[in-house]
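See structure below.
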Amino acid sequence: MTNKAATLSDIARATGVHLSTVSRVMNPDTRHMVGAEAGKRILAEARRLGYRANRAASTLATRKSNIIGVVLPDITNPVFPPILTGIEEGLRKHGYQAIVANVGADEEEQRFVINLLLGQQVDGLILATARRHDAVVKMCVDQRVPLVTVNRREESGIASCVISDDGHGMALAVGHLLALGHRHIAHIAGLDALSTGHLRRLGFAAAMAQAGAPAFVFEAGGHTRACGKAALLELLRRAPHTTAVVTGNDLVAIGCYDALAELGLRCPQDVSIVGHNDVPFMDIVRPPLTTVRLRHHGMGAEAARLILQMIETPGAPVLDIRLKPELVARESSAPPRA
């Protein structure tokens, strides 16, 4: 005997309520229209019967899937899990869920994955992959796909974004080192093709100019620990009087620790290091890393709120939302030697 999937009619018969009432309860958007006790009874019966919503039929009827595609550039990077958690929590509150795709930096791969997601009838996209000049973002906008970029922004302003205020974050880092007495401060920048690398570089230069101090910027080859080590080794060869370094992210900062160890130097006695992001475990590395803490979970939650707003209000204006970071001072920064 084949078990037949439970239907809304089965739940209505079992609970003795009208089919329309069951339908309202099973839809998170209309559940509030039914009394709490009746709603609990209907949901309990649905669980007992093993009811599963027919999403394909619902999508055909409403032209909404209640699914958002989320595209990440590197899920192993500790920056992205809290962003994703914020997105998923924000979506679930409104009856939506995320399909997550992990892609690299290759534009054609991103285009392929996004077309797959659009083929699954997602209601919108949240992209953490955006470059400053991004043909994939333009493709989505041209197709009128509701779209929000998170953590990074597309520079032309065609898509709404939720990012950290990178200029303010770098001002906090530089101000902290200046207050400690440093003047020979360098910046190991992230990739200039990404808004994070570009805006933090500009923020560093602006903060140093305001202080009347020379700004030395060296671009890392990537955002990894190995890239950070290689960058600091080369930076100190070119600018040996450097007493403090502000990095584009925390993994690069940990690579700087490796470089100092190889050179027989110590942090912070010889060179102070300041990171960016405050990813997990930066408080237990040795020395604990001074860094700029970003509101990654908050970025994700705000991106979820914004994409749902765009879905509900087609033609809504493009928004550029920047969350304020904070400086977390730990033991990797100290006054320079006399």
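We name chains A, B, ... following the order of the structure tokens; residues begin at 1 in each chain, and ligands are numbered from 1 as shown.
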
### Query
Which residues come within 6 Å of region 267-269 of chain A, counting only C-alpha atoms, excluding same-chain residues fewer than 4 positions away, as a PyMOL selection string?
chain A and resi 332-334

Residue subset to file, keeping N, CA and C atoms, as a compact mmCIF listing (two decimals), in the first residue's frame:
```
# COMPACT_ATOMS: atom_id res chain seq x y z
N SER A 332 48.20 43.36 20.36
CA SER A 332 49.10 43.43 19.19
C SER A 332 49.49 44.85 18.83
N SER A 333 48.96 45.83 19.57
CA SER A 333 49.33 47.23 19.32
C SER A 333 49.81 47.86 20.61
N ALA A 334 50.90 48.60 20.50
CA ALA A 334 51.53 49.25 21.67
C ALA A 334 52.33 50.44 21.18
```

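Residues surrounding Ala261 (chain A) within 12 Å are Lys229, Leu232, Leu233, Ile254, Gly255, Cys256, Arg266, Cys267, Pro268, Asp270, Val271 and Arg286 of chain A [only C-alpha atoms; sequence separation below 5 positions excluded].
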
## Note on the structure
Separating CA of Glu219 (chain A) from CA of Ile185 (chain A), to the nearest tenth of an Å, is a gap of 14.4 Å

Using only C-alpha atoms, which residues of region 155-255 of chain A come within 12 Å of region 104-113 of chain A, and what is the closest atom pair for each, with the distance in Å to one decimal? Give it as JSON lines, sorted by chain and residue number.
```
{"residue": "A:Leu191", "atom": "CA", "partner": "A:Ala105", "partner_atom": "CA", "distance": 12.0}
{"residue": "A:Ala193", "atom": "CA", "partner": "A:Ala105", "partner_atom": "CA", "distance": 11.1}
{"residue": "A:Leu194", "atom": "CA", "partner": "A:Ala105", "partner_atom": "CA", "distance": 10.8}
{"residue": "A:Gly222", "atom": "CA", "partner": "A:Ala105", "partner_atom": "CA", "distance": 11.7}
```

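With only C-alpha atoms as the atoms that count, the residue of A:Ala244, A:Ala215, A:Ile99, A:Leu327 with the shortest distance to Ala171 (chain A) is A:Leu327.
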
### Query
Among region 162-330 of chain A, which ones does DSSP place in strand (DSSP E or B), written as a PyMOL selection string?
chain A and resi 162-164+185-189+216-219+244-247+272-277+290-293+320-323+326-328

Write out, as an mmCIF file, in the first residue's frame, the residues just selected, with N, CA and C atoms.
```cif
data_model
loop_
_atom_site.group_PDB
_atom_site.id
_atom_site.type_symbol
_atom_site.label_atom_id
_atom_site.label_comp_id
_atom_site.auth_asym_id
_atom_site.auth_seq_id
_atom_site.Cartn_x
_atom_site.Cartn_y
_atom_site.Cartn_z
ATOM 1 N N VAL A 162 24.482 46.453 1.396
ATOM 2 C CA VAL A 162 24.665 46.578 2.840
ATOM 3 C C VAL A 162 26.123 46.239 3.119
ATOM 4 N N ILE A 163 26.878 47.236 3.551
ATOM 5 C CA ILE A 163 28.311 47.047 3.790
ATOM 6 C C ILE A 163 28.687 47.672 5.126
ATOM 7 N N SER A 164 29.924 47.463 5.521
ATOM 8 C CA SER A 164 30.459 48.177 6.679
ATOM 9 C C SER A 164 30.999 49.527 6.218
ATOM 10 N N ILE A 185 53.418 54.433 9.765
ATOM 11 C CA ILE A 185 52.338 53.449 9.697
ATOM 12 C C ILE A 185 52.121 53.051 8.236
ATOM 13 N N ALA A 186 52.051 51.756 7.981
ATOM 14 C CA ALA A 186 51.813 51.257 6.621
ATOM 15 C C ALA A 186 50.492 50.501 6.577
ATOM 16 N N HIS A 187 49.974 50.359 5.374
ATOM 17 C CA HIS A 187 48.727 49.624 5.164
ATOM 18 C C HIS A 187 48.953 48.507 4.150
ATOM 19 N N ILE A 188 48.642 47.271 4.544
ATOM 20 C CA ILE A 188 48.617 46.159 3.587
ATOM 21 C C ILE A 188 47.175 46.041 3.113
ATOM 22 N N ALA A 189 46.945 46.466 1.880
ATOM 23 C CA ALA A 189 45.586 46.613 1.360
ATOM 24 C C ALA A 189 45.088 45.325 0.729
ATOM 25 N N PHE A 216 52.099 54.852 3.576
ATOM 26 C CA PHE A 216 52.701 53.854 2.709
ATOM 27 C C PHE A 216 51.718 52.706 2.544
ATOM 28 N N VAL A 217 51.317 52.423 1.289
ATOM 29 C CA VAL A 217 50.327 51.378 1.016
ATOM 30 C C VAL A 217 50.970 50.293 0.163
ATOM 31 N N PHE A 218 50.773 49.043 0.588
ATOM 32 C CA PHE A 218 51.294 47.899 -0.161
ATOM 33 C C PHE A 218 50.144 46.928 -0.348
ATOM 34 N N GLU A 219 49.824 46.581 -1.608
ATOM 35 C CA GLU A 219 48.698 45.692 -1.866
ATOM 36 C C GLU A 219 49.116 44.236 -1.758
ATOM 37 N N ALA A 244 54.256 50.259 12.571
ATOM 38 C CA ALA A 244 52.899 49.738 12.737
ATOM 39 C C ALA A 244 52.302 49.452 11.367
ATOM 40 N N VAL A 245 51.467 48.429 11.315
ATOM 41 C CA VAL A 245 50.832 48.024 10.059
ATOM 42 C C VAL A 245 49.337 47.827 10.304
ATOM 43 N N VAL A 246 48.535 48.419 9.445
ATOM 44 C CA VAL A 246 47.083 48.172 9.424
ATOM 45 C C VAL A 246 46.799 47.279 8.219
ATOM 46 N N THR A 247 46.164 46.150 8.445
ATOM 47 C CA THR A 247 45.915 45.205 7.355
ATOM 48 C C THR A 247 44.465 45.279 6.875
ATOM 49 N N SER A 272 53.723 46.983 15.577
ATOM 50 C CA SER A 272 52.326 46.775 15.975
ATOM 51 C C SER A 272 51.515 46.352 14.749
ATOM 52 N N ILE A 273 50.538 45.476 14.979
ATOM 53 C CA ILE A 273 49.677 44.985 13.895
ATOM 54 C C ILE A 273 48.214 45.231 14.268
ATOM 55 N N VAL A 274 47.453 45.777 13.321
ATOM 56 C CA VAL A 274 46.005 45.952 13.501
ATOM 57 C C VAL A 274 45.301 45.256 12.338
ATOM 58 N N GLY A 275 44.324 44.414 12.652
ATOM 59 C CA GLY A 275 43.576 43.688 11.634
ATOM 60 C C GLY A 275 42.274 44.383 11.274
ATOM 61 N N HIS A 276 41.415 43.632 10.601
ATOM 62 C CA HIS A 276 40.119 44.176 10.175
ATOM 63 C C HIS A 276 39.145 43.020 10.012
ATOM 64 N N ASN A 277 38.048 43.053 10.735
ATOM 65 C CA ASN A 277 36.913 42.120 10.700
ATOM 66 C C ASN A 277 36.571 41.564 12.069
ATOM 67 N N THR A 290 44.592 43.265 17.906
ATOM 68 C CA THR A 290 43.813 44.494 17.811
ATOM 69 C C THR A 290 43.200 44.547 16.415
ATOM 70 N N THR A 291 41.910 44.826 16.330
ATOM 71 C CA THR A 291 41.252 44.760 15.030
ATOM 72 C C THR A 291 40.013 45.631 15.003
ATOM 73 N N VAL A 292 39.493 45.838 13.814
ATOM 74 C CA VAL A 292 38.251 46.582 13.620
ATOM 75 C C VAL A 292 37.125 45.564 13.520
ATOM 76 N N ARG A 293 36.179 45.642 14.457
ATOM 77 C CA ARG A 293 35.085 44.669 14.492
ATOM 78 C C ARG A 293 33.942 45.127 13.606
ATOM 79 N N ASP A 320 22.155 52.485 -0.173
ATOM 80 C CA ASP A 320 23.550 52.200 0.189
ATOM 81 C C ASP A 320 23.633 52.277 1.711
ATOM 82 N N ILE A 321 23.545 51.122 2.368
ATOM 83 C CA ILE A 321 23.498 51.068 3.827
ATOM 84 C C ILE A 321 24.870 50.684 4.357
ATOM 85 N N ARG A 322 25.395 51.509 5.271
ATOM 86 C CA ARG A 322 26.734 51.275 5.824
ATOM 87 C C ARG A 322 26.640 51.209 7.343
ATOM 88 N N LEU A 323 27.013 50.061 7.900
ATOM 89 C CA LEU A 323 26.948 49.861 9.342
ATOM 90 C C LEU A 323 28.269 50.282 9.979
ATOM 91 N N GLU A 326 33.548 49.033 14.996
ATOM 92 C CA GLU A 326 34.176 49.533 16.218
ATOM 93 C C GLU A 326 35.581 48.951 16.339
ATOM 94 N N LEU A 327 36.447 49.668 17.032
ATOM 95 C CA LEU A 327 37.813 49.191 17.248
ATOM 96 C C LEU A 327 37.854 48.331 18.505
ATOM 97 N N VAL A 328 38.521 47.184 18.412
ATOM 98 C CA VAL A 328 38.748 46.322 19.565
ATOM 99 C C VAL A 328 40.247 46.310 19.826
#
```

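Compared by their closest atoms to Gly298 (chain A), and using only C-alpha atoms, the residues A:Asn151, A:Thr7, A:Asn27, A:Asn115 rank with A:Asn151 nearest.
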
### Task
Please provide as a VMD selection string all residues within 8 Å of Pro28 (chain A), with the sequence filter that same-chain residues fewer than 4 positions apart are discarded (counting only C-alpha atoms).
chain A and resid 24 32 94 to 95

Requested write-out: C-alpha atoms of the selected residues, as a short mmCIF file (atom, residue, chain, number, x, y, z; two decimals), in the first residue's frame:
```
data_model
loop_
_atom_site.label_atom_id
_atom_site.label_comp_id
_atom_site.auth_asym_id
_atom_site.auth_seq_id
_atom_site.Cartn_x
_atom_site.Cartn_y
_atom_site.Cartn_z
CA ARG A 24 -4.13 30.64 6.15
CA HIS A 32 -1.70 35.90 12.09
CA HIS A 94 8.99 36.20 7.12
CA GLY A 95 8.50 32.67 5.80
#
```

### Atomic distance CA of Ala36 (chain A) - CA of Arg92 (chain A), expressed in Å with one decimal
19.3 Å

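Our summary of the geometry notes that CA of Gly228 (chain A) is positioned 19.0 Å from CA of Glu331 (chain A).
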
### Message
Env of Cys140 (chain A): 10 Å cut, atoms = only C-alpha atoms, seq-sep filter 2 positions within chain, self excluded. Answer as a list in words.
### Response
Arg111, Ile114, Asn115, Leu118, Gly124, Leu125, Ala135, Val136, Val137, Lys138, Asp142, Gln143, Arg144, Val145, Pro146, Leu147 and Ala159 of chain A

Only all heavy atoms, please: the residues just picked out, written as a compact mmCIF listing (two decimals), in the first residue's frame.
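Generated file (result05.txt):
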```txt
# COMPACT_ATOMS: atom_id res chain seq x y z
N ARG A 111 28.06 33.63 -13.19
CA ARG A 111 26.94 33.79 -14.12
C ARG A 111 26.17 32.46 -14.27
O ARG A 111 24.93 32.45 -14.27
CB ARG A 111 27.46 34.27 -15.48
CG ARG A 111 26.39 34.82 -16.42
CD ARG A 111 27.04 35.16 -17.76
NE ARG A 111 28.06 36.19 -17.63
CZ ARG A 111 27.82 37.49 -17.76
NH1 ARG A 111 26.60 37.91 -18.01
NH2 ARG A 111 28.82 38.36 -17.65
N ILE A 114 24.21 31.74 -10.97
CA ILE A 114 23.07 32.65 -10.80
C ILE A 114 21.95 32.29 -11.77
O ILE A 114 20.76 32.32 -11.41
CB ILE A 114 23.52 34.11 -10.97
CG1 ILE A 114 24.31 34.53 -9.72
CG2 ILE A 114 22.34 35.04 -11.20
CD1 ILE A 114 25.01 35.86 -9.85
N ASN A 115 22.29 31.91 -12.99
CA ASN A 115 21.26 31.47 -13.94
C ASN A 115 20.56 30.20 -13.46
O ASN A 115 19.34 30.04 -13.67
CB ASN A 115 21.85 31.28 -15.33
CG ASN A 115 22.05 32.59 -16.07
OD1 ASN A 115 21.25 33.52 -15.93
ND2 ASN A 115 23.11 32.68 -16.86
N LEU A 118 18.12 31.40 -10.80
CA LEU A 118 16.96 32.05 -11.42
C LEU A 118 16.05 31.01 -12.05
O LEU A 118 14.82 31.16 -12.06
CB LEU A 118 17.43 33.08 -12.46
CG LEU A 118 18.21 34.28 -11.89
CD1 LEU A 118 18.68 35.20 -13.03
CD2 LEU A 118 17.37 35.06 -10.89
N GLY A 124 14.53 36.51 -5.34
CA GLY A 124 15.54 37.57 -5.33
C GLY A 124 16.90 36.98 -5.04
O GLY A 124 17.04 35.78 -4.75
N LEU A 125 17.93 37.83 -5.11
CA LEU A 125 19.30 37.40 -4.91
C LEU A 125 20.01 38.31 -3.91
O LEU A 125 19.82 39.52 -3.93
CB LEU A 125 20.08 37.44 -6.23
CG LEU A 125 19.68 36.47 -7.33
CD1 LEU A 125 20.38 36.85 -8.64
CD2 LEU A 125 20.01 35.03 -6.94
N ALA A 135 29.90 42.89 -14.10
CA ALA A 135 28.99 42.59 -15.21
C ALA A 135 27.87 41.66 -14.79
O ALA A 135 26.77 41.72 -15.35
CB ALA A 135 29.78 41.98 -16.36
N VAL A 136 28.12 40.80 -13.80
CA VAL A 136 27.08 39.87 -13.34
C VAL A 136 25.98 40.63 -12.62
O VAL A 136 24.79 40.36 -12.80
CB VAL A 136 27.69 38.78 -12.45
CG1 VAL A 136 26.61 37.87 -11.88
CG2 VAL A 136 28.71 37.96 -13.22
N VAL A 137 26.36 41.59 -11.78
CA VAL A 137 25.36 42.43 -11.10
C VAL A 137 24.53 43.18 -12.14
O VAL A 137 23.30 43.25 -12.05
CB VAL A 137 26.03 43.41 -10.13
CG1 VAL A 137 25.03 44.45 -9.61
CG2 VAL A 137 26.66 42.66 -8.97
N LYS A 138 25.20 43.72 -13.16
CA LYS A 138 24.49 44.46 -14.21
C LYS A 138 23.51 43.53 -14.94
O LYS A 138 22.37 43.94 -15.26
CB LYS A 138 25.47 45.07 -15.19
CG LYS A 138 24.81 45.96 -16.24
CD LYS A 138 25.83 46.61 -17.16
CE LYS A 138 25.17 47.60 -18.11
NZ LYS A 138 24.06 47.00 -18.90
N ASP A 142 19.59 44.30 -15.15
CA ASP A 142 18.95 44.42 -16.46
C ASP A 142 17.75 43.48 -16.60
O ASP A 142 16.79 43.79 -17.31
CB ASP A 142 19.97 44.13 -17.58
CG ASP A 142 20.99 45.25 -17.74
OD1 ASP A 142 20.75 46.35 -17.21
OD2 ASP A 142 22.02 45.00 -18.40
N GLN A 143 17.83 42.33 -15.92
CA GLN A 143 16.73 41.38 -15.96
C GLN A 143 15.67 41.67 -14.89
O GLN A 143 14.72 40.91 -14.72
CB GLN A 143 17.26 39.95 -15.78
CG GLN A 143 18.13 39.48 -16.92
CD GLN A 143 18.60 38.04 -16.73
OE1 GLN A 143 17.97 37.23 -16.05
NE2 GLN A 143 19.73 37.71 -17.35
N ARG A 144 15.85 42.77 -14.18
CA ARG A 144 14.91 43.22 -13.14
C ARG A 144 14.74 42.18 -12.03
O ARG A 144 13.64 41.98 -11.50
CB ARG A 144 13.56 43.58 -13.76
CG ARG A 144 13.67 44.73 -14.76
CD ARG A 144 12.33 45.21 -15.22
NE ARG A 144 12.48 46.33 -16.14
CZ ARG A 144 11.47 47.00 -16.69
NH1 ARG A 144 10.22 46.66 -16.40
NH2 ARG A 144 11.69 48.01 -17.51
N VAL A 145 15.84 41.53 -11.69
CA VAL A 145 15.84 40.60 -10.57
C VAL A 145 16.06 41.40 -9.29
O VAL A 145 17.03 42.16 -9.20
CB VAL A 145 16.97 39.55 -10.72
CG1 VAL A 145 17.00 38.62 -9.52
CG2 VAL A 145 16.80 38.78 -12.02
N PRO A 146 15.19 41.30 -8.28
CA PRO A 146 15.46 41.96 -7.00
C PRO A 146 16.83 41.51 -6.47
O PRO A 146 17.10 40.32 -6.37
CB PRO A 146 14.32 41.48 -6.10
CG PRO A 146 13.21 41.16 -7.05
CD PRO A 146 13.89 40.59 -8.27
N LEU A 147 17.67 42.47 -6.14
CA LEU A 147 19.08 42.17 -5.86
C LEU A 147 19.63 43.09 -4.78
O LEU A 147 19.39 44.30 -4.80
CB LEU A 147 19.91 42.33 -7.14
CG LEU A 147 21.43 42.29 -7.01
CD1 LEU A 147 21.88 40.87 -6.71
CD2 LEU A 147 22.09 42.79 -8.29
N ALA A 159 22.80 48.82 -7.81
CA ALA A 159 22.20 47.81 -6.94
C ALA A 159 22.31 48.26 -5.48
O ALA A 159 23.31 48.84 -5.06
CB ALA A 159 22.90 46.47 -7.12
```

#### Entry: Test item, alpha helix (DSSP H) assignment across region 46-204 of chain A, answer as a PyMOL selection string
chain A and resi 46-49+55-62+80-92+107-119+135-142+166-180+195-204

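Among the candidates A:Asn77, A:Ser160, A:Asn102, A:Asn66, the one nearest to Gln120 (chain A) when counting only C-alpha atoms is A:Asn66.
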
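The shell of residues at most 7 Å from Gly86 (chain A), with only C-alpha atoms counted and near chain neighbours (fewer than 3 positions) removed, consists of Pro82, Ile83, Glu89, Gly90, His297, Gly298, Gly300 and Ala301 of chain A.
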
File dump, residues just selected, N, CA, C and O atoms, as a JSON list (two decimals), in the first residue's frame:
```json
[["chain", "number", "residue", "atom", "x", "y", "z"],
["A", 82, "PRO", "N", 28.83, 34.23, 9.62],
["A", 82, "PRO", "CA", 27.89, 35.07, 10.38],
["A", 82, "PRO", "C", 27.00, 35.93, 9.50],
["A", 82, "PRO", "O", 25.86, 36.23, 9.86],
["A", 83, "ILE", "N", 27.49, 36.34, 8.33],
["A", 83, "ILE", "CA", 26.64, 37.06, 7.38],
["A", 83, "ILE", "C", 25.49, 36.16, 6.93],
["A", 83, "ILE", "O", 24.32, 36.57, 6.91],
["A", 89, "GLU", "N", 18.31, 33.95, 9.30],
["A", 89, "GLU", "CA", 17.41, 34.29, 10.40],
["A", 89, "GLU", "C", 16.43, 35.37, 9.98],
["A", 89, "GLU", "O", 15.24, 35.31, 10.30],
["A", 90, "GLY", "N", 16.92, 36.37, 9.25],
["A", 90, "GLY", "CA", 16.05, 37.44, 8.78],
["A", 90, "GLY", "C", 14.99, 36.95, 7.81],
["A", 90, "GLY", "O", 13.84, 37.40, 7.84],
["A", 297, "HIS", "N", 26.87, 39.75, 11.30],
["A", 297, "HIS", "CA", 25.51, 39.23, 11.47],
["A", 297, "HIS", "C", 24.49, 40.31, 11.13],
["A", 297, "HIS", "O", 23.48, 40.06, 10.46],
["A", 298, "GLY", "N", 24.76, 41.53, 11.60],
["A", 298, "GLY", "CA", 23.87, 42.64, 11.31],
["A", 298, "GLY", "C", 23.78, 42.96, 9.84],
["A", 298, "GLY", "O", 22.72, 43.30, 9.31],
["A", 300, "GLY", "N", 24.07, 40.75, 7.43],
["A", 300, "GLY", "CA", 23.22, 39.73, 6.85],
["A", 300, "GLY", "C", 21.75, 39.98, 7.13],
["A", 300, "GLY", "O", 20.91, 39.87, 6.23],
["A", 301, "ALA", "N", 21.43, 40.33, 8.38],
["A", 301, "ALA", "CA", 20.04, 40.60, 8.75],
["A", 301, "ALA", "C", 19.49, 41.78, 7.97],
["A", 301, "ALA", "O", 18.34, 41.76, 7.50]]
```

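Proximity to Ser195 (chain A) was assessed for A:His223, A:Glu234, A:Arg153, A:Val174 counting only C-alpha atoms; the smallest distance is recorded for A:Arg153.
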